[in-house]
file data-v9.tsv (TSV, C-alpha atoms)
chain	number	residue	atom	x	y	z
A	1	MET	CA	0.70	-21.71	-61.72
A	2	LYS	CA	1.92	-19.04	-59.36
A	3	ASN	CA	4.18	-16.18	-60.23
A	4	ILE	CA	6.72	-15.30	-57.57
A	5	LYS	CA	9.01	-12.29	-57.71
A	6	VAL	CA	11.89	-11.42	-55.42
A	7	LEU	CA	12.91	-7.77	-55.65
A	8	GLY	CA	16.29	-6.58	-54.43
A	9	PRO	CA	19.50	-5.15	-55.82
A	10	GLY	CA	21.54	-8.22	-54.95
A	11	CYS	CA	22.49	-7.79	-51.31
A	12	PRO	CA	22.91	-10.87	-49.09
A	13	LYS	CA	19.39	-10.50	-47.68
A	14	CYS	CA	17.87	-10.56	-51.14
A	15	LYS	CA	19.84	-13.66	-52.08
A	16	THR	CA	18.71	-15.44	-48.93
A	17	THR	CA	15.11	-14.61	-49.72
A	18	TYR	CA	15.51	-15.98	-53.22
A	19	GLN	CA	17.04	-19.22	-51.93
A	20	ASN	CA	14.25	-19.56	-49.37
A	21	VAL	CA	11.66	-19.17	-52.11
A	22	LEU	CA	13.24	-21.88	-54.22
A	23	GLU	CA	13.38	-24.20	-51.24
A	24	ALA	CA	9.77	-23.50	-50.24
A	25	VAL	CA	8.59	-24.13	-53.79
A	26	LYS	CA	10.45	-27.43	-53.81
A	27	GLN	CA	9.04	-28.48	-50.45
A	28	THR	CA	5.44	-27.66	-51.22
A	29	GLY	CA	5.56	-28.87	-54.79
A	30	VAL	CA	3.48	-25.88	-55.85
A	31	GLU	CA	3.85	-25.04	-59.50
A	32	ALA	CA	5.48	-21.67	-59.64
A	33	GLU	CA	7.60	-19.45	-61.78
A	34	VAL	CA	10.24	-17.67	-59.71
A	35	GLU	CA	11.75	-14.41	-60.91
A	36	LYS	CA	14.52	-12.34	-59.43
A	37	ILE	CA	14.37	-8.62	-60.13
A	38	GLU	CA	17.65	-6.81	-59.60
A	39	ASP	CA	17.21	-3.83	-61.85
A	40	ILE	CA	16.36	-0.71	-59.87
A	41	MET	CA	14.19	0.85	-62.55
A	42	GLU	CA	12.18	-2.30	-62.89
A	43	MET	CA	11.87	-2.46	-59.11
A	44	MET	CA	10.54	1.07	-58.81
A	45	LYS	CA	7.51	0.13	-60.89
A	46	TYR	CA	6.29	-1.74	-57.84
A	47	ASN	CA	6.68	1.26	-55.56
A	48	VAL	CA	8.88	-0.41	-52.97
A	49	LEU	CA	11.00	1.39	-50.38
A	50	ALA	CA	12.74	-1.31	-48.43
A	51	THR	CA	14.21	-4.40	-49.99
A	52	PRO	CA	14.02	-7.37	-50.22
A	53	VAL	CA	10.42	-7.69	-51.36
A	54	LEU	CA	8.55	-10.91	-51.97
A	55	MET	CA	5.64	-10.81	-54.40
A	56	ILE	CA	3.23	-13.59	-55.21
A	57	ASN	CA	0.95	-13.09	-58.19
A	58	GLU	CA	1.78	-9.37	-58.34
A	59	GLU	CA	0.84	-8.84	-54.72
A	60	ILE	CA	3.42	-7.70	-52.17
A	61	LYS	CA	3.52	-10.23	-49.35
A	62	VAL	CA	6.70	-9.38	-47.47
A	63	ARG	CA	8.85	-6.28	-47.63
A	64	GLY	CA	11.99	-5.01	-46.00
A	65	ARG	CA	13.05	-8.29	-44.45
A	66	VAL	CA	13.99	-11.84	-45.28
A	67	ALA	CA	11.01	-14.17	-45.46
A	68	ASN	CA	11.82	-17.60	-44.03
A	69	ILE	CA	10.97	-20.91	-45.64
A	70	ASN	CA	8.02	-21.82	-43.41
A	71	GLU	CA	6.45	-18.45	-43.94
A	72	ILE	CA	6.76	-18.73	-47.73
A	73	ARG	CA	5.31	-22.23	-47.62
A	74	ASP	CA	2.28	-20.90	-45.78
A	75	LEU	CA	1.91	-18.11	-48.32
A	76	LEU	CA	2.16	-20.54	-51.20
A	77	THR	CA	-0.38	-22.98	-49.89
A	78	ALA	CA	-2.84	-20.39	-48.56
B	79	MET	CA	22.85	-4.26	-14.01
B	80	PHE	CA	25.57	-6.56	-15.29
B	81	ASP	CA	27.00	-7.60	-11.92
B	82	TRP	CA	25.82	-11.15	-12.39
B	83	LEU	CA	27.70	-11.29	-15.65
B	84	GLN	CA	30.90	-10.15	-13.97
B	85	ASN	CA	30.37	-12.82	-11.31
B	86	PHE	CA	29.86	-15.37	-14.03
B	87	SER	CA	33.07	-14.35	-15.86
B	88	ASP	CA	35.03	-14.42	-12.58
B	89	TRP	CA	33.67	-17.86	-11.81
B	90	LEU	CA	34.40	-19.20	-15.29
B	91	ILE	CA	37.91	-17.82	-15.73
B	92	TYR	CA	39.27	-17.70	-12.19
B	93	GLY	CA	37.34	-20.69	-10.90
B	94	ILE	CA	36.79	-23.24	-13.65
B	95	PHE	CA	39.83	-22.45	-15.81
B	96	ASN	CA	41.80	-21.72	-12.69
B	97	LEU	CA	43.58	-18.70	-14.15
B	98	GLY	CA	44.72	-16.21	-11.53
B	99	ALA	CA	43.14	-12.76	-11.39
B	100	GLU	CA	46.65	-11.36	-11.16
B	101	THR	CA	47.90	-12.96	-14.40
B	102	GLN	CA	47.69	-10.99	-17.61
B	103	LEU	CA	46.04	-13.87	-19.47
B	104	GLY	CA	43.47	-14.26	-16.70
B	105	THR	CA	42.37	-10.63	-16.71
B	106	ALA	CA	42.38	-10.46	-20.50
B	107	LEU	CA	40.19	-13.55	-20.83
B	108	ASN	CA	37.89	-12.35	-18.09
B	109	PHE	CA	37.53	-9.02	-19.86
B	110	PHE	CA	36.87	-10.81	-23.16
B	111	VAL	CA	34.15	-13.11	-21.79
B	112	TYR	CA	32.43	-10.34	-19.84
B	113	ASP	CA	32.46	-7.84	-22.71
B	114	THR	CA	31.36	-10.32	-25.35
B	115	LEU	CA	28.40	-11.61	-23.36
B	116	LYS	CA	27.34	-8.15	-22.26
B	117	ILE	CA	27.42	-6.82	-25.78
B	118	LEU	CA	25.61	-9.78	-27.29
B	119	ILE	CA	22.82	-9.39	-24.72
B	120	LEU	CA	22.57	-5.66	-25.37
B	121	LEU	CA	22.59	-6.25	-29.11
B	122	PHE	CA	19.73	-8.67	-28.94
B	123	VAL	CA	17.65	-6.40	-26.69
B	124	ILE	CA	18.19	-3.29	-28.81
B	125	VAL	CA	17.60	-5.02	-32.12
B	126	PHE	CA	14.46	-6.61	-30.70
B	127	LEU	CA	13.12	-3.25	-29.47
B	128	MET	CA	13.85	-1.66	-32.84
B	129	GLY	CA	12.04	-4.54	-34.49
B	130	ILE	CA	8.93	-3.74	-32.47
B	131	VAL	CA	9.08	-0.05	-33.33
B	132	ASN	CA	9.51	-0.96	-36.95
B	133	ALA	CA	6.62	-3.35	-37.05
B	134	TYR	CA	4.39	-0.45	-36.05
B	135	LEU	CA	6.05	2.37	-37.92
B	136	PRO	CA	7.17	1.00	-41.25
B	137	ILE	CA	8.96	3.32	-43.58
B	138	GLU	CA	5.99	3.45	-45.94
B	139	ARG	CA	3.97	5.10	-43.21
B	140	LEU	CA	6.59	7.81	-42.76
B	141	LYS	CA	6.55	8.49	-46.47
B	142	ASP	CA	2.79	8.87	-46.50
B	143	TYR	CA	2.89	11.04	-43.42
B	144	LEU	CA	5.55	13.37	-44.80
B	145	HIS	CA	3.67	13.62	-48.03
B	146	ARG	CA	0.36	14.49	-46.48
B	147	ASN	CA	1.29	16.88	-43.70
B	148	LYS	CA	2.82	20.30	-43.71
B	149	LEU	CA	5.34	20.35	-40.91
B	150	TYR	CA	7.04	23.75	-41.12
B	151	GLY	CA	10.59	22.48	-41.03
B	152	LEU	CA	9.98	19.71	-38.54
B	153	GLU	CA	9.95	17.23	-41.42
B	154	TYR	CA	13.75	17.23	-41.42
B	155	LEU	CA	13.88	16.22	-37.76
B	156	PHE	CA	11.22	13.63	-38.44
B	157	ALA	CA	12.97	12.05	-41.38
B	158	SER	CA	16.26	12.05	-39.51
B	159	THR	CA	14.79	10.41	-36.40
B	160	PHE	CA	13.16	7.81	-38.57
B	161	GLY	CA	16.47	7.17	-40.23
B	162	ALA	CA	17.92	6.44	-36.81
B	163	ILE	CA	15.30	3.89	-35.83
B	164	THR	CA	15.01	2.15	-39.19
B	165	PRO	CA	17.41	-0.73	-39.60
B	166	PHE	CA	19.61	0.20	-42.47
B	167	CYS	CA	20.68	-2.04	-45.26
B	168	SER	CA	22.94	-0.22	-47.67
B	169	CYS	CA	21.26	-1.93	-50.60
B	170	SER	CA	17.94	-0.37	-49.59
B	171	SER	CA	19.32	3.14	-49.89
B	172	VAL	CA	18.73	3.46	-53.61
B	173	PRO	CA	15.13	2.16	-53.75
B	174	LEU	CA	14.45	4.29	-50.72
B	175	PHE	CA	15.86	7.40	-52.30
B	176	ILE	CA	13.80	6.90	-55.45
B	177	GLY	CA	10.70	6.02	-53.46
B	178	PHE	CA	10.92	9.22	-51.43
B	179	VAL	CA	11.59	11.43	-54.43
B	180	GLN	CA	8.81	9.73	-56.34
B	181	GLY	CA	6.44	10.28	-53.45
B	182	GLY	CA	7.00	14.02	-53.74
B	183	ILE	CA	9.21	14.32	-50.66
B	184	PRO	CA	11.70	17.19	-50.98
B	185	LEU	CA	15.29	16.23	-51.70
B	186	GLY	CA	16.57	17.79	-48.47
B	187	VAL	CA	14.19	15.72	-46.35
B	188	THR	CA	15.21	12.61	-48.26
B	189	PHE	CA	18.84	13.43	-47.51
B	190	ALA	CA	18.05	13.91	-43.81
B	191	PHE	CA	16.86	10.32	-43.75
B	192	LEU	CA	19.74	9.07	-45.85
B	193	ILE	CA	22.36	10.69	-43.61
B	194	THR	CA	21.08	9.38	-40.29
B	195	SER	CA	20.08	5.92	-41.43
B	196	PRO	CA	23.59	4.43	-41.49
B	197	LEU	CA	25.01	6.95	-39.01
B	198	VAL	CA	22.83	5.88	-36.11
B	199	ASN	CA	22.08	2.19	-36.26
B	200	GLU	CA	20.97	-0.39	-33.75
B	201	ILE	CA	24.26	-2.27	-33.76
B	202	ALA	CA	26.32	0.82	-33.05
B	203	ILE	CA	23.90	1.83	-30.28
B	204	ALA	CA	24.23	-1.53	-28.55
B	205	MET	CA	28.01	-1.47	-28.87
B	206	PHE	CA	28.18	2.07	-27.52
B	207	LEU	CA	25.97	1.23	-24.56
B	208	GLY	CA	28.16	-1.73	-23.73
B	209	MET	CA	31.49	0.02	-24.09
B	210	PHE	CA	30.93	3.67	-23.19
B	211	GLY	CA	27.79	3.75	-21.09
B	212	VAL	CA	24.47	5.58	-21.30
B	213	LYS	CA	25.70	9.17	-21.43
B	214	ALA	CA	28.04	8.71	-24.39
B	215	THR	CA	25.35	6.70	-26.20
B	216	LEU	CA	22.79	9.47	-25.79
B	217	ILE	CA	25.29	11.99	-27.10
B	218	TYR	CA	26.06	9.79	-30.06
B	219	VAL	CA	22.40	9.20	-30.96
B	220	GLY	CA	21.38	12.82	-30.32
B	221	SER	CA	24.18	14.28	-32.36
B	222	GLY	CA	23.60	11.80	-35.17
B	223	ILE	CA	19.96	12.82	-35.44
B	224	LEU	CA	20.85	16.50	-35.22
B	225	LEU	CA	23.50	16.07	-37.87
B	226	GLY	CA	21.01	14.46	-40.26
B	227	THR	CA	18.45	17.19	-39.58
B	228	VAL	CA	20.81	20.09	-40.16
B	229	GLY	CA	22.65	18.37	-43.00
B	230	GLY	CA	19.41	17.56	-44.81
B	231	TRP	CA	18.11	21.07	-44.31
B	232	LEU	CA	21.31	22.59	-45.68
B	233	LEU	CA	21.38	20.24	-48.68
B	234	GLY	CA	17.75	21.16	-49.32
B	235	LYS	CA	18.79	24.82	-49.61
B	236	PHE	CA	21.08	24.09	-52.56
B	237	ASN	CA	19.51	23.57	-55.91
B	238	LEU	CA	20.47	19.95	-56.35
B	239	GLU	CA	17.73	18.55	-58.60
B	240	PRO	CA	19.74	19.15	-61.80
B	241	LEU	CA	22.48	16.91	-60.40
B	242	LEU	CA	20.32	13.82	-60.23
B	243	SER	CA	20.61	11.08	-62.84
B	244	ASP	CA	18.50	11.61	-65.94
B	245	TRP	CA	16.08	8.82	-65.25
B	246	VAL	CA	15.51	10.10	-61.71
B	247	LYS	CA	14.72	13.53	-63.14
B	248	LYS	CA	12.13	11.91	-65.35
B	249	ILE	CA	10.54	10.36	-62.30
B	250	LEU	CA	10.50	13.78	-60.66
B	251	GLU	CA	8.60	15.24	-63.59
B	252	SER	CA	5.94	12.60	-63.38
B	253	LYS	CA	5.60	12.61	-59.63
B	254	GLN	CA	3.03	10.10	-58.71
B	255	GLN	CA	1.76	9.12	-55.35
B	256	GLY	CA	1.75	5.38	-54.98
B	257	GLY	CA	-1.07	3.45	-53.44
B	258	GLU	CA	-1.95	4.03	-49.83
B	259	PHE	CA	-0.02	1.95	-47.46
B	260	GLU	CA	-2.14	-0.69	-45.87
B	261	ALA	CA	-0.88	-1.76	-42.46
B	262	ASP	CA	-0.43	-5.33	-41.45
B	263	LYS	CA	-3.42	-6.58	-39.55
B	264	GLN	CA	-1.53	-8.93	-37.31
B	265	THR	CA	-1.71	-8.34	-33.59
B	266	PHE	CA	1.27	-7.63	-31.42
B	267	PHE	CA	1.52	-11.16	-30.06
B	268	GLN	CA	1.31	-12.70	-33.49
B	269	ARG	CA	4.34	-10.69	-34.46
B	270	ILE	CA	6.57	-11.46	-31.51
B	271	PRO	CA	8.01	-14.70	-32.93
B	272	GLU	CA	8.84	-13.04	-36.21
B	273	ILE	CA	10.48	-10.04	-34.53
B	274	THR	CA	12.46	-12.32	-32.23
B	275	ARG	CA	13.64	-14.38	-35.16
B	276	GLY	CA	14.65	-11.24	-37.04
B	277	ALA	CA	16.62	-9.94	-34.04
B	278	TRP	CA	18.28	-13.30	-33.62
B	279	ASP	CA	19.30	-13.36	-37.29
B	280	ILE	CA	20.87	-9.91	-37.05
B	281	VAL	CA	22.82	-10.81	-33.90
B	282	LYS	CA	24.00	-14.04	-35.52
B	283	GLY	CA	25.16	-12.04	-38.52
B	284	VAL	CA	27.41	-9.70	-36.54
B	285	VAL	CA	28.67	-12.01	-33.81
B	286	VAL	CA	31.88	-12.69	-35.72
B	287	TYR	CA	32.65	-8.97	-35.97
B	288	VAL	CA	31.92	-8.47	-32.30
B	289	LEU	CA	34.33	-11.27	-31.40
B	290	ILE	CA	37.07	-9.97	-33.69
B	291	GLY	CA	36.60	-6.38	-32.51
B	292	ILE	CA	36.69	-7.30	-28.83
B	293	ALA	CA	39.66	-9.61	-29.35
B	294	ILE	CA	41.63	-6.85	-31.07
B	295	GLY	CA	40.54	-4.44	-28.36
B	296	ALA	CA	41.56	-6.83	-25.60
B	297	ALA	CA	44.95	-7.41	-27.22
B	298	MET	CA	45.53	-3.69	-27.67
B	299	HIS	CA	44.60	-3.05	-24.07
B	300	GLY	CA	47.56	-5.12	-23.02
B	301	TYR	CA	50.12	-3.87	-25.49
B	302	VAL	CA	49.43	-0.22	-26.20
B	303	PRO	CA	51.04	1.77	-23.41
B	304	GLU	CA	48.94	4.08	-21.24
B	305	ASN	CA	48.61	7.57	-22.72
B	306	PHE	CA	50.18	6.38	-25.96
B	307	PHE	CA	47.91	8.52	-28.10
B	308	GLN	CA	48.17	11.51	-25.86
B	309	GLN	CA	51.89	11.40	-26.35
B	310	TYR	CA	51.80	11.12	-30.13
B	311	LEU	CA	48.65	12.92	-31.09
B	312	GLY	CA	48.69	15.47	-28.33
B	313	SER	CA	45.25	15.18	-26.79
B	314	GLY	CA	42.96	17.88	-28.11
B	315	ALA	CA	45.26	19.15	-30.86
B	316	TRP	CA	42.80	20.73	-33.26
B	317	TRP	CA	43.85	18.75	-36.32
B	318	THR	CA	43.25	15.35	-34.75
B	319	VAL	CA	39.49	15.53	-35.34
B	320	PRO	CA	39.62	16.28	-39.09
B	321	LEU	CA	42.40	13.74	-39.50
B	322	ALA	CA	40.42	11.00	-37.74
B	323	VAL	CA	37.33	11.78	-39.84
B	324	ILE	CA	39.11	11.95	-43.18
B	325	VAL	CA	40.89	8.68	-42.53
B	326	ALA	CA	37.58	7.07	-41.57
B	327	VAL	CA	35.34	8.21	-44.46
B	328	PRO	CA	36.53	5.74	-47.14
B	329	MET	CA	36.73	2.95	-44.58
B	330	TYR	CA	33.86	0.58	-44.52
B	331	ALA	CA	33.81	-1.10	-41.18
B	332	ASN	CA	31.04	-2.76	-39.31
B	333	ALA	CA	30.06	-0.85	-36.18
B	334	ALA	CA	30.29	-4.13	-34.30
B	335	GLY	CA	33.98	-4.43	-35.09
B	336	ILE	CA	34.99	-0.79	-34.82
B	337	VAL	CA	33.55	0.25	-31.45
B	338	PRO	CA	35.70	-2.07	-29.25
B	339	VAL	CA	38.80	-0.74	-30.99
B	340	ILE	CA	37.70	2.85	-30.45
B	341	GLN	CA	37.13	2.08	-26.81
B	342	VAL	CA	40.82	1.25	-26.49
B	343	PHE	CA	41.73	4.52	-28.20
B	344	VAL	CA	39.67	6.39	-25.63
B	345	ALA	CA	41.12	4.39	-22.75
B	346	LYS	CA	44.59	5.28	-23.99
B	347	GLY	CA	44.03	9.00	-24.22
B	348	VAL	CA	42.05	9.87	-27.38
B	349	PRO	CA	39.29	12.38	-26.50
B	350	LEU	CA	35.77	10.92	-26.71
B	351	GLY	CA	34.63	13.54	-29.24
B	352	THR	CA	37.38	12.57	-31.65
B	353	ALA	CA	36.46	8.93	-31.16
B	354	ILE	CA	32.73	9.50	-31.83
B	355	ALA	CA	33.58	11.53	-34.93
B	356	PHE	CA	35.81	8.73	-36.14
B	357	MET	CA	33.08	6.16	-35.65
B	358	MET	CA	30.41	8.25	-37.34
B	359	ALA	CA	32.64	8.75	-40.35
B	360	THR	CA	33.36	5.03	-40.55
B	361	VAL	CA	29.77	3.83	-40.43
B	362	GLY	CA	28.05	6.88	-41.94
B	363	LEU	CA	29.94	7.29	-45.17
B	364	SER	CA	31.74	4.72	-47.24
B	365	ILE	CA	32.93	4.08	-50.75
B	366	PRO	CA	30.50	1.17	-51.33
B	367	GLU	CA	27.61	3.46	-50.41
B	368	GLY	CA	28.90	6.09	-52.83
B	369	THR	CA	29.04	3.50	-55.61
B	370	LEU	CA	25.42	2.54	-54.99
B	371	LEU	CA	24.28	6.15	-55.00
B	372	LYS	CA	26.02	6.65	-58.32
B	373	LYS	CA	22.95	5.07	-59.90
B	374	VAL	CA	20.71	7.92	-58.84
B	375	MET	CA	22.95	10.97	-58.65
B	376	SER	CA	25.92	12.53	-60.39
B	377	LEU	CA	29.41	12.33	-58.93
B	378	LYS	CA	29.19	16.02	-58.14
B	379	LEU	CA	26.11	15.51	-56.00
B	380	ILE	CA	27.71	12.57	-54.20
B	381	GLY	CA	30.69	14.84	-53.58
B	382	ILE	CA	28.49	17.58	-52.13
B	383	TYR	CA	26.60	15.06	-50.01
B	384	PHE	CA	29.75	13.45	-48.63
B	385	GLY	CA	31.40	16.85	-48.20
B	386	VAL	CA	28.55	18.33	-46.17
B	387	VAL	CA	28.26	15.26	-43.95
B	388	THR	CA	32.04	15.10	-43.43
B	389	LEU	CA	32.16	18.75	-42.39
B	390	PHE	CA	29.32	18.28	-39.93
B	391	ILE	CA	30.95	15.21	-38.40
B	392	ILE	CA	34.20	17.14	-37.93
B	393	PHE	CA	32.27	20.01	-36.41
B	394	SER	CA	30.43	17.76	-33.97
B	395	GLY	CA	33.76	16.17	-33.01
B	396	PHE	CA	35.09	19.60	-32.04
B	397	LEU	CA	31.95	20.38	-30.14
B	398	PHE	CA	32.12	17.21	-28.04
B	399	ASN	CA	35.74	17.73	-27.22
B	400	LEU	CA	34.78	21.15	-25.92
B	401	LEU	CA	31.73	19.94	-24.00
B	402	LEU	CA	32.89	16.63	-22.57

call {"tool": "encode", "arguments": {"input": "data-v9.tsv", "output": "structure tokens"}}
result
Amino acid sequence: MKNIKVLGPGCPKCKTTYQNVLEAVKQTGVEAEVEKIEDIMEMMKYNVLATPVLMINEEIKVRGRVANINEIRDLLTA
Amino acid sequence: MFDWLQNFSDWLIYGIFNLGAETQLGTALNFFVYDTLKILILLFVIVFLMGIVNAYLPIERLKDYLHRNKLYGLEYLFASTFGAITPFCSCSSVPLFIGFVQGGIPLGVTFAFLITSPLVNEIAIAMFLGMFGVKATLIYVGSGILLGTVGGWLLGKFNLEPLLSDWVKKILESKQQGGEFEADKQTFFQRIPEITRGAWDIVKGVVVYVLIGIAIGAAMHGYVPENFFQQYLGSGAWWTVPLAVIVAVPMYANAAGIVPVIQVFVAKGVPLGTAIAFMMATVGLSIPEGTLLKKVMSLKLIGIYFGVVTLFIIFSGFLFNLLL
């Protein structure tokens, strides 16, 4: 069971990232819990500067840009 | 450099579509095709180059650098320059602000970054290059960076910490330095596809605005009489600069859409300095940005921030009108 978090205050880029994550999870069939963190205070706990951020199991994988589906699939199956 | 593009537009419009070079529709369409293609090419190239710079100098590295080194005032210039080369997403401004403050970076330096980041952005640079040429672009970029540097320095002189939101103050009290930034270990060639894709996505995202902006510009070219603005605004009347800036501040327009329109203003007699000031005010400050910043600072501080930046933009408008 993987824990995936998408951090971002709700701009279009963050929404795209979130959608890509859902799609990648569906395609790979990996069991995962996907969370969307939009609250700034919550976000700052992870010490991020540029959003969106993609975290898998509490580890920052991608920051400051939209991660595409293939990339997330690779991260999920690695 | 773009001769081949002009040849292509001539061939397409005058040759294939068989519209005469002497007809108004023919010249307008030719102008539209040429400008659109030129700007899209420039956009892609600039965004791609910025992507490369960014892959090597991520914002986290700047934060660490500013935190670790004593720079004797140069930190303002540094933060401002970085603001110019970092692609700006307005929704990143709040996390960025907190991150900087949390990392122990002085408020003034943080502001230097925050001012320049939207003011000088890759889309505006590409549009400027395409519509006004190299000299005007250099002036725009240079003055934007200078404005951020001086503005940040000045804001740093005021005692602004008490005007931050309560929860930000709490963060300030417990300043902590986050973990060291570990750089990506990918090589340059491994990153090229990702950077290209990113650049492509950005260009795709603004292409609509470019088309609308150029279409409006092309239409105005035909219908606004020569020297129209000179006649009504009196070129160089002192109050035109503040007026242009104050009208532009609340406006939230995409640089891609606004620059082609400004180009028509300039062609019809508005001084370039006034035009640059107008553009800076449009892209640099906006009501949506103010609303976002409301989360981290009081209205009074937002007022001071907007006020200082507005004054500096007006001032630089005057300066260009004198110099150019």

call {"tool": "residues_near_point", "arguments": {"input": "data-v9.tsv", "point": "(6.3, -22.4, -52.6)", "cutoff": "10 Å", "atoms": "all atoms listed in the file", "output": "list of chain:residue names"}}
result
A:Lys2, A:Ile4, A:Asn20, A:Val21, A:Leu22, A:Glu23, A:Ala24, A:Val25, A:Lys26, A:Gln27, A:Thr28, A:Gly29, A:Val30, A:Glu31, A:Ala32, A:Glu33, A:Val34, A:Ile56, A:Ile69, A:Asn70, A:Glu71, A:Ile72, A:Arg73, A:Asp74, A:Leu75, A:Leu76, A:Thr77

call {"tool": "closest_residue", "arguments": {"input": "data-v9.tsv", "among": "B:Ala204, B:Ala133, B:Val187, B:Leu402", "to": "chain A", "atoms": "only C-alpha atoms"}}
result
B:Ala133

call {"tool": "closest_atom_pairs", "arguments": {"input": "data-v9.tsv", "of": "region 129-205 of chain B", "to": "region 219-230 of chain B", "cutoff": "12 Å", "atoms": "all atoms listed in the file", "output": "JSON lines"}}
result
{"residue": "B:Gly151", "atom": "CA", "partner": "B:Thr227", "partner_atom": "CA", "distance": 9.6}
{"residue": "B:Leu152", "atom": "CA", "partner": "B:Thr227", "partner_atom": "CA", "distance": 8.9}
{"residue": "B:Glu153", "atom": "CA", "partner": "B:Thr227", "partner_atom": "CA", "distance": 8.7}
{"residue": "B:Tyr154", "atom": "CA", "partner": "B:Thr227", "partner_atom": "CA", "distance": 5.0}
{"residue": "B:Leu155", "atom": "CA", "partner": "B:Thr227", "partner_atom": "CA", "distance": 5.0}
{"residue": "B:Phe156", "atom": "CA", "partner": "B:Thr227", "partner_atom": "CA", "distance": 8.1}
{"residue": "B:Ala157", "atom": "CA", "partner": "B:Thr227", "partner_atom": "CA", "distance": 7.7}
{"residue": "B:Ser158", "atom": "CA", "partner": "B:Gly226", "partner_atom": "CA", "distance": 5.4}
{"residue": "B:Thr159", "atom": "CA", "partner": "B:Ile223", "partner_atom": "CA", "distance": 5.8}
{"residue": "B:Phe160", "atom": "CA", "partner": "B:Ile223", "partner_atom": "CA", "distance": 9.0}
{"residue": "B:Gly161", "atom": "CA", "partner": "B:Ile223", "partner_atom": "CA", "distance": 8.2}
{"residue": "B:Ala162", "atom": "CA", "partner": "B:Ile223", "partner_atom": "CA", "distance": 6.8}
{"residue": "B:Ile163", "atom": "CA", "partner": "B:Ile223", "partner_atom": "CA", "distance": 10.1}
{"residue": "B:Pro184", "atom": "CA", "partner": "B:Gly230", "partner_atom": "CA", "distance": 9.9}
{"residue": "B:Leu185", "atom": "CA", "partner": "B:Gly230", "partner_atom": "CA", "distance": 8.1}
{"residue": "B:Gly186", "atom": "CA", "partner": "B:Gly230", "partner_atom": "CA", "distance": 4.6}
{"residue": "B:Val187", "atom": "CA", "partner": "B:Gly230", "partner_atom": "CA", "distance": 5.7}
{"residue": "B:Thr188", "atom": "CA", "partner": "B:Gly230", "partner_atom": "CA", "distance": 7.4}
{"residue": "B:Phe189", "atom": "CA", "partner": "B:Gly230", "partner_atom": "CA", "distance": 5.0}
{"residue": "B:Ala190", "atom": "CA", "partner": "B:Gly230", "partner_atom": "CA", "distance": 4.0}
{"residue": "B:Phe191", "atom": "CA", "partner": "B:Gly226", "partner_atom": "CA", "distance": 6.8}
{"residue": "B:Leu192", "atom": "CA", "partner": "B:Gly226", "partner_atom": "CA", "distance": 7.9}
{"residue": "B:Ile193", "atom": "CA", "partner": "B:Gly226", "partner_atom": "CA", "distance": 5.2}
{"residue": "B:Thr194", "atom": "CA", "partner": "B:Gly226", "partner_atom": "CA", "distance": 5.1}
{"residue": "B:Ser195", "atom": "CA", "partner": "B:Gly226", "partner_atom": "CA", "distance": 8.7}
{"residue": "B:Pro196", "atom": "CA", "partner": "B:Gly222", "partner_atom": "CA", "distance": 9.7}
{"residue": "B:Leu197", "atom": "CA", "partner": "B:Gly222", "partner_atom": "CA", "distance": 6.3}
{"residue": "B:Val198", "atom": "CA", "partner": "B:Gly222", "partner_atom": "CA", "distance": 6.0}
{"residue": "B:Asn199", "atom": "CA", "partner": "B:Val219", "partner_atom": "CA", "distance": 8.8}
{"residue": "B:Glu200", "atom": "CA", "partner": "B:Val219", "partner_atom": "CA", "distance": 10.1}
{"residue": "B:Ile201", "atom": "CA", "partner": "B:Val219", "partner_atom": "CA", "distance": 12.0}
{"residue": "B:Ala202", "atom": "CA", "partner": "B:Val219", "partner_atom": "CA", "distance": 9.5}
{"residue": "B:Ile203", "atom": "CA", "partner": "B:Val219", "partner_atom": "CA", "distance": 7.6}
{"residue": "B:Ala204", "atom": "CA", "partner": "B:Val219", "partner_atom": "CA", "distance": 11.1}

call {"tool": "closest_atom_pairs", "arguments": {"input": "data-v9.tsv", "of": "chain B", "to": "chain A", "cutoff": "8 Å", "atoms": "all atoms listed in the file", "output": "Markdown table"}}
result
| residue | atom | partner | partner_atom | distance |
| --- | --- | --- | --- | --- |
| B:Ile137 | CA | A:Leu49 | CA | 7.4 |
| B:Glu138 | CA | A:Leu49 | CA | 7.0 |
| B:Cys169 | CA | A:Cys11 | CA | 6.0 |
| B:Ser170 | CA | A:Ala50 | CA | 5.4 |
| B:Val172 | CA | A:Ile40 | CA | 7.9 |
| B:Pro173 | CA | A:Leu49 | CA | 5.4 |
| B:Leu174 | CA | A:Leu49 | CA | 4.5 |
| B:Phe175 | CA | A:Leu49 | CA | 8.0 |
| B:Ile176 | CA | A:Met44 | CA | 7.5 |
| B:Gly177 | CA | A:Leu49 | CA | 5.6 |
| B:Phe178 | CA | A:Leu49 | CA | 7.9 |
| B:Gly256 | CA | A:Asn47 | CA | 6.5 |

call {"tool": "residues_around", "arguments": {"input": "data-v9.tsv", "residues": "region 363-377 of chain B", "least_positions_apart": "6", "cutoff": "7 Å", "atoms": "only C-alpha atoms", "output": "PDB file with C-alpha atoms, keeping the file's coordinate frame"}}
result
ATOM      1  CA  SER B 168      22.940  -0.220 -47.670  1.00  0.00           C
ATOM      2  CA  VAL B 172      18.730   3.460 -53.610  1.00  0.00           C
ATOM      3  CA  LEU B 241      22.480  16.910 -60.400  1.00  0.00           C
ATOM      4  CA  LEU B 242      20.320  13.820 -60.230  1.00  0.00           C
ATOM      5  CA  SER B 243      20.610  11.080 -62.840  1.00  0.00           C
ATOM      6  CA  VAL B 246      15.510  10.100 -61.710  1.00  0.00           C
ATOM      7  CA  VAL B 327      35.340   8.210 -44.460  1.00  0.00           C
ATOM      8  CA  PRO B 328      36.530   5.740 -47.140  1.00  0.00           C
ATOM      9  CA  MET B 329      36.730   2.950 -44.580  1.00  0.00           C
ATOM     10  CA  TYR B 330      33.860   0.580 -44.520  1.00  0.00           C
TER      11      TYR B 330
END
